Amino acid sequence: MSAEHLGTEGQGVATGLTGRSSELDLIRAVIDDTARLGGSLTLFGDPGVGKSALLDAAADLAGARGMRTLRAAGAQFEANIAFAGLNQLLVPLVPLFAELGPDHESALRVALGFGEGATPSRILISTAALSLLLLAAEEQPLVAIIDDAQWLDDASADVLSFVARRVAGTRVRVLSTVRTTGEPLRARGDVNSLTMRSLDDAESEALLLARYPDLAEHVRRRIVSEAQGNPLALVELPATLASDRYPTADMLPAVLPLTERLTRIFTARIAALAPETRDLLLLLALDGSGQALSAESVVGPDAADHFDIAERERIIVVDSRHSIVFRHPLVRSAVVELARPEQRRKAHRALAGCRRADPGRRAWHLADASFGPDEEVATLLQNEAIQALKR
Ligand SMILES: Nc1ncnc2c1ncn2[C@@H]1O[C@H](COP(=O)(O)OP(=O)(O)OP(=O)(O)O)[C@@H](O)[C@H]1O
Ligand SMILES: [Mg+2]
């Protein structure tokens, strides 16, 4: 599958995106207002699914149409500063403030931090922001692009959703993204929204082939299976898995290492859990046997409660074969990545204790639990090697 193009004949914009043609069609329909879709669209989706990448493609399309783009992005550290997001979006339009009516002008000056006075009412600021955008669009049609709206300060979020619901039939478009983390979507029936899907296996392969044509096939297959259609994982994992270090599939690490951005994304929800829940997840991550784990014997009588918490947080799930698995393989990697070395050794020791009936697995756990050469482990590993040869 080749990279997608956006635009009508003669105005094609190469997006470099794989598997997003229907999403791009929708964006084009919103921008060109061909389907009377109301002029705004919100993209929802998991971290790394490609929301910002689609916004970039939309900005390119708008540019090719001769539209002006205004951009803002929510940021966690600005979420408590009232109107920080609106300020980002509207600062380029400050020269037009003087053309607004005096009430609107002063409302915007105060809200955006350019003037003194009591904070004007939300409705006055909202109508002022809409008037300003409509005024600017008289000169040149424009698209307001707001990324990561989940981190907008509440005041900006209110104003921008007011605006987004009132641009139908005008020369203003509003496109925004909201990062979701598996929870059901906050539906806002009055603005078009699209929940972005993961790529399928064929699209994932195509993305890897386009970006990393030299990747060995076994590495590519493993990445497709671990990434589960998450484009960020697809573009980042190859950096940790140089084919020459892992010449065959069985030499690839059982738990894949993560890049910094992947770690940040996939560890965020785990870092917030209680230490006991994380201990339990670490056991699950390092065990990897798929067989029931008598967690009580390792983490105590509350094990079931911690499993419940992890399930409620949508980190693990009981699959059709009744085994407990991570919802996303990279969350498993993140659990391991977050643990300190001594925690990992402790977990391996506990797992070796649980797996007495399986000498091979027990030996590997003991090897990972010890610091250096160990007589008992060496003998166990040697026996395991002999058994393997016999098999
Ligand atoms: N369809 C695609 N084809 C090729 N590359 C893609 C595609 N979608 C996303 N990417 C790439 O994957 C990476 C992650 O995408 P992006 O940053 O857009 O995700 P996001 O949904 O905005 O994530 P976040 O929630 O963290 O903001 C980027 O490097 C982007 O270029
Ligand atoms: Mg993004």
# chains A, B, ... in the order shown; residues from 1 in each chain; ligands from 1

call {"tool": "residues_near_ligand", "arguments": {"ligand": "ligand 2", "cutoff": "7 Å", "atoms": "only C-alpha atoms and all ligand atoms", "output": "list in words"}}
result
Gly48, Gly50, Lys51, Ser52, Asp147 and Asp148 of chain A

call {"tool": "residues_around", "arguments": {"residues": "region 189-206 of chain A", "least_positions_apart": "6", "cutoff": "7 Å", "atoms": "only C-alpha atoms", "output": "list in words"}}
result
Met1, Thr18, Gly19, Ser40, Leu41, Thr42, Leu43, Phe44, Gly45, Val49, Arg165, Val224, Gly229 and Asn230 of chain A

call {"tool": "atom_distance", "arguments": {"atom1": "CA of Met67 (chain A)", "atom2": "CA of Pro141 (chain A)"}}
result
5.1 Å

call {"tool": "residues_around", "arguments": {"residues": "region 325-330 of chain A", "least_positions_apart": "5", "cutoff": "7 Å", "atoms": "only C-alpha atoms", "output": "list in words"}}
result
Glu226, Phe266, Ile315, Ile316, Val317, Val318 and Asp319 of chain A

call {"tool": "residues_around", "arguments": {"residues": "Ala149 (chain A)", "least_positions_apart": "5", "cutoff": "6 Å", "atoms": "only C-alpha atoms", "output": "list in words"}}
result
Gly74, Thr177 and Val178 of chain A

call {"tool": "residues_around", "arguments": {"residues": "Ser106 (chain A)", "least_positions_apart": "5", "cutoff": "12 Å", "atoms": "only C-alpha atoms", "output": "number ranges by chain"}}
result
A: 94, 97-101, 111-121, 124-125, 128-129

call {"tool": "write_last_selection", "arguments": {"atoms": "all heavy atoms", "output": "tab-separated table (two decimals), in the first residue's frame"}}
result
chain	number	residue	atom	x	y	z
A	94	VAL	N	-4.03	39.32	16.66
A	94	VAL	CA	-4.07	40.54	17.49
A	94	VAL	C	-4.20	41.81	16.64
A	94	VAL	O	-4.98	42.71	16.99
A	94	VAL	CB	-2.84	40.60	18.43
A	94	VAL	CG1	-2.72	41.97	19.09
A	94	VAL	CG2	-2.95	39.52	19.49
A	97	PHE	N	-7.73	43.00	16.26
A	97	PHE	CA	-8.58	43.29	17.42
A	97	PHE	C	-9.29	44.64	17.26
A	97	PHE	O	-10.46	44.78	17.60
A	97	PHE	CB	-7.76	43.34	18.72
A	97	PHE	CG	-7.48	41.98	19.33
A	97	PHE	CD1	-7.62	40.82	18.59
A	97	PHE	CD2	-7.06	41.88	20.66
A	97	PHE	CE1	-7.34	39.57	19.14
A	97	PHE	CE2	-6.80	40.65	21.22
A	97	PHE	CZ	-6.93	39.50	20.47
A	98	ALA	N	-8.56	45.63	16.73
A	98	ALA	CA	-9.10	46.99	16.66
A	98	ALA	C	-10.31	47.07	15.74
A	98	ALA	O	-11.11	48.01	15.84
A	98	ALA	CB	-8.01	47.94	16.18
A	99	GLU	N	-10.47	46.08	14.86
A	99	GLU	CA	-11.63	46.12	13.95
A	99	GLU	C	-12.89	45.52	14.56
A	99	GLU	O	-13.95	45.53	13.95
A	99	GLU	CB	-11.29	45.38	12.65
A	99	GLU	CG	-10.21	46.10	11.86
A	99	GLU	CD	-9.82	45.34	10.59
A	99	GLU	OE1	-10.72	44.78	9.94
A	99	GLU	OE2	-8.61	45.29	10.30
A	100	LEU	N	-12.74	44.94	15.77
A	100	LEU	CA	-13.92	44.37	16.45
A	100	LEU	C	-14.68	45.50	17.15
A	100	LEU	O	-14.14	46.59	17.37
A	100	LEU	CB	-13.47	43.37	17.52
A	100	LEU	CG	-12.83	42.07	17.02
A	100	LEU	CD1	-12.19	41.33	18.19
A	100	LEU	CD2	-13.86	41.18	16.35
A	101	GLY	N	-15.91	45.24	17.54
A	101	GLY	CA	-16.63	46.19	18.39
A	101	GLY	C	-15.89	46.35	19.72
A	101	GLY	O	-15.15	45.44	20.11
A	111	ALA	N	-9.12	38.61	28.36
A	111	ALA	CA	-9.04	37.15	28.45
A	111	ALA	C	-7.67	36.63	28.02
A	111	ALA	O	-7.12	35.72	28.63
A	111	ALA	CB	-10.14	36.52	27.59
A	112	LEU	N	-7.11	37.23	26.98
A	112	LEU	CA	-5.85	36.70	26.45
A	112	LEU	C	-4.63	37.30	27.15
A	112	LEU	O	-3.49	37.00	26.79
A	112	LEU	CB	-5.75	36.93	24.93
A	112	LEU	CG	-6.88	36.31	24.10
A	112	LEU	CD1	-6.55	36.38	22.63
A	112	LEU	CD2	-7.16	34.88	24.50
A	113	GLY	N	-4.88	38.17	28.13
A	113	GLY	CA	-3.76	38.67	28.93
A	113	GLY	C	-3.09	39.92	28.37
A	113	GLY	O	-1.97	40.25	28.78
A	114	PHE	N	-3.75	40.62	27.45
A	114	PHE	CA	-3.16	41.85	26.89
A	114	PHE	C	-3.74	43.10	27.54
A	114	PHE	O	-3.35	44.20	27.20
A	114	PHE	CB	-3.39	41.94	25.38
A	114	PHE	CG	-2.75	40.83	24.62
A	114	PHE	CD1	-3.53	39.88	23.98
A	114	PHE	CD2	-1.36	40.71	24.56
A	114	PHE	CE1	-2.94	38.83	23.28
A	114	PHE	CE2	-0.77	39.66	23.86
A	114	PHE	CZ	-1.56	38.72	23.23
A	115	GLY	N	-4.73	42.95	28.41
A	115	GLY	CA	-5.36	44.13	29.00
A	115	GLY	C	-5.76	43.86	30.44
A	115	GLY	O	-5.85	42.69	30.85
A	116	GLU	N	-5.98	44.94	31.18
A	116	GLU	CA	-6.38	44.83	32.59
A	116	GLU	C	-7.90	44.84	32.67
A	116	GLU	O	-8.58	45.31	31.77
A	116	GLU	CB	-5.85	46.05	33.37
A	116	GLU	CG	-4.32	46.19	33.38
A	116	GLU	CD	-3.67	45.20	34.31
A	116	GLU	OE1	-4.29	44.92	35.36
A	116	GLU	OE2	-2.58	44.69	33.99
A	117	GLY	N	-8.41	44.36	33.79
A	117	GLY	CA	-9.85	44.48	34.03
A	117	GLY	C	-10.41	43.18	34.59
A	117	GLY	O	-9.70	42.18	34.67
A	118	ALA	N	-11.71	43.26	34.97
A	118	ALA	CA	-12.36	42.06	35.50
A	118	ALA	C	-12.56	41.07	34.35
A	118	ALA	O	-12.78	41.50	33.20
A	118	ALA	CB	-13.71	42.45	36.09
A	119	THR	N	-12.46	39.77	34.65
A	119	THR	CA	-12.63	38.77	33.59
A	119	THR	C	-14.04	38.88	33.01
A	119	THR	O	-15.02	38.82	33.75
A	119	THR	CB	-12.43	37.34	34.14
A	119	THR	OG1	-11.20	37.34	34.86
A	119	THR	CG2	-12.38	36.31	33.03
A	120	PRO	N	-14.14	39.06	31.70
A	120	PRO	CA	-15.47	39.18	31.08
A	120	PRO	C	-16.20	37.84	31.14
A	120	PRO	O	-15.59	36.81	31.41
A	120	PRO	CB	-15.15	39.55	29.63
A	120	PRO	CG	-13.67	39.77	29.56
A	120	PRO	CD	-13.05	39.12	30.72
A	121	SER	N	-17.50	37.87	30.85
A	121	SER	CA	-18.26	36.62	30.90
A	121	SER	C	-17.80	35.68	29.79
A	121	SER	O	-17.31	36.12	28.74
A	121	SER	CB	-19.76	36.92	30.75
A	121	SER	OG	-19.99	37.35	29.42
A	124	LEU	N	-19.41	36.34	26.43
A	124	LEU	CA	-18.88	37.49	25.70
A	124	LEU	C	-17.55	37.11	25.03
A	124	LEU	O	-17.31	37.44	23.86
A	124	LEU	CB	-18.68	38.67	26.67
A	124	LEU	CG	-18.25	39.98	26.01
A	124	LEU	CD1	-19.29	40.47	25.00
A	124	LEU	CD2	-18.01	41.07	27.08
A	125	ILE	N	-16.71	36.40	25.76
A	125	ILE	CA	-15.42	35.99	25.17
A	125	ILE	C	-15.67	35.05	23.99
A	125	ILE	O	-15.01	35.14	22.95
A	125	ILE	CB	-14.54	35.31	26.23
A	125	ILE	CG1	-14.25	36.29	27.37
A	125	ILE	CG2	-13.23	34.82	25.62
A	125	ILE	CD1	-13.60	35.66	28.57
A	128	ALA	N	-16.86	36.94	21.05
A	128	ALA	CA	-15.76	37.77	20.55
A	128	ALA	C	-14.78	36.92	19.72
A	128	ALA	O	-14.34	37.33	18.65
A	128	ALA	CB	-15.04	38.43	21.72
A	129	ALA	N	-14.47	35.72	20.24
A	129	ALA	CA	-13.53	34.84	19.52
A	129	ALA	C	-14.11	34.45	18.17
A	129	ALA	O	-13.41	34.45	17.14
A	129	ALA	CB	-13.23	33.60	20.37
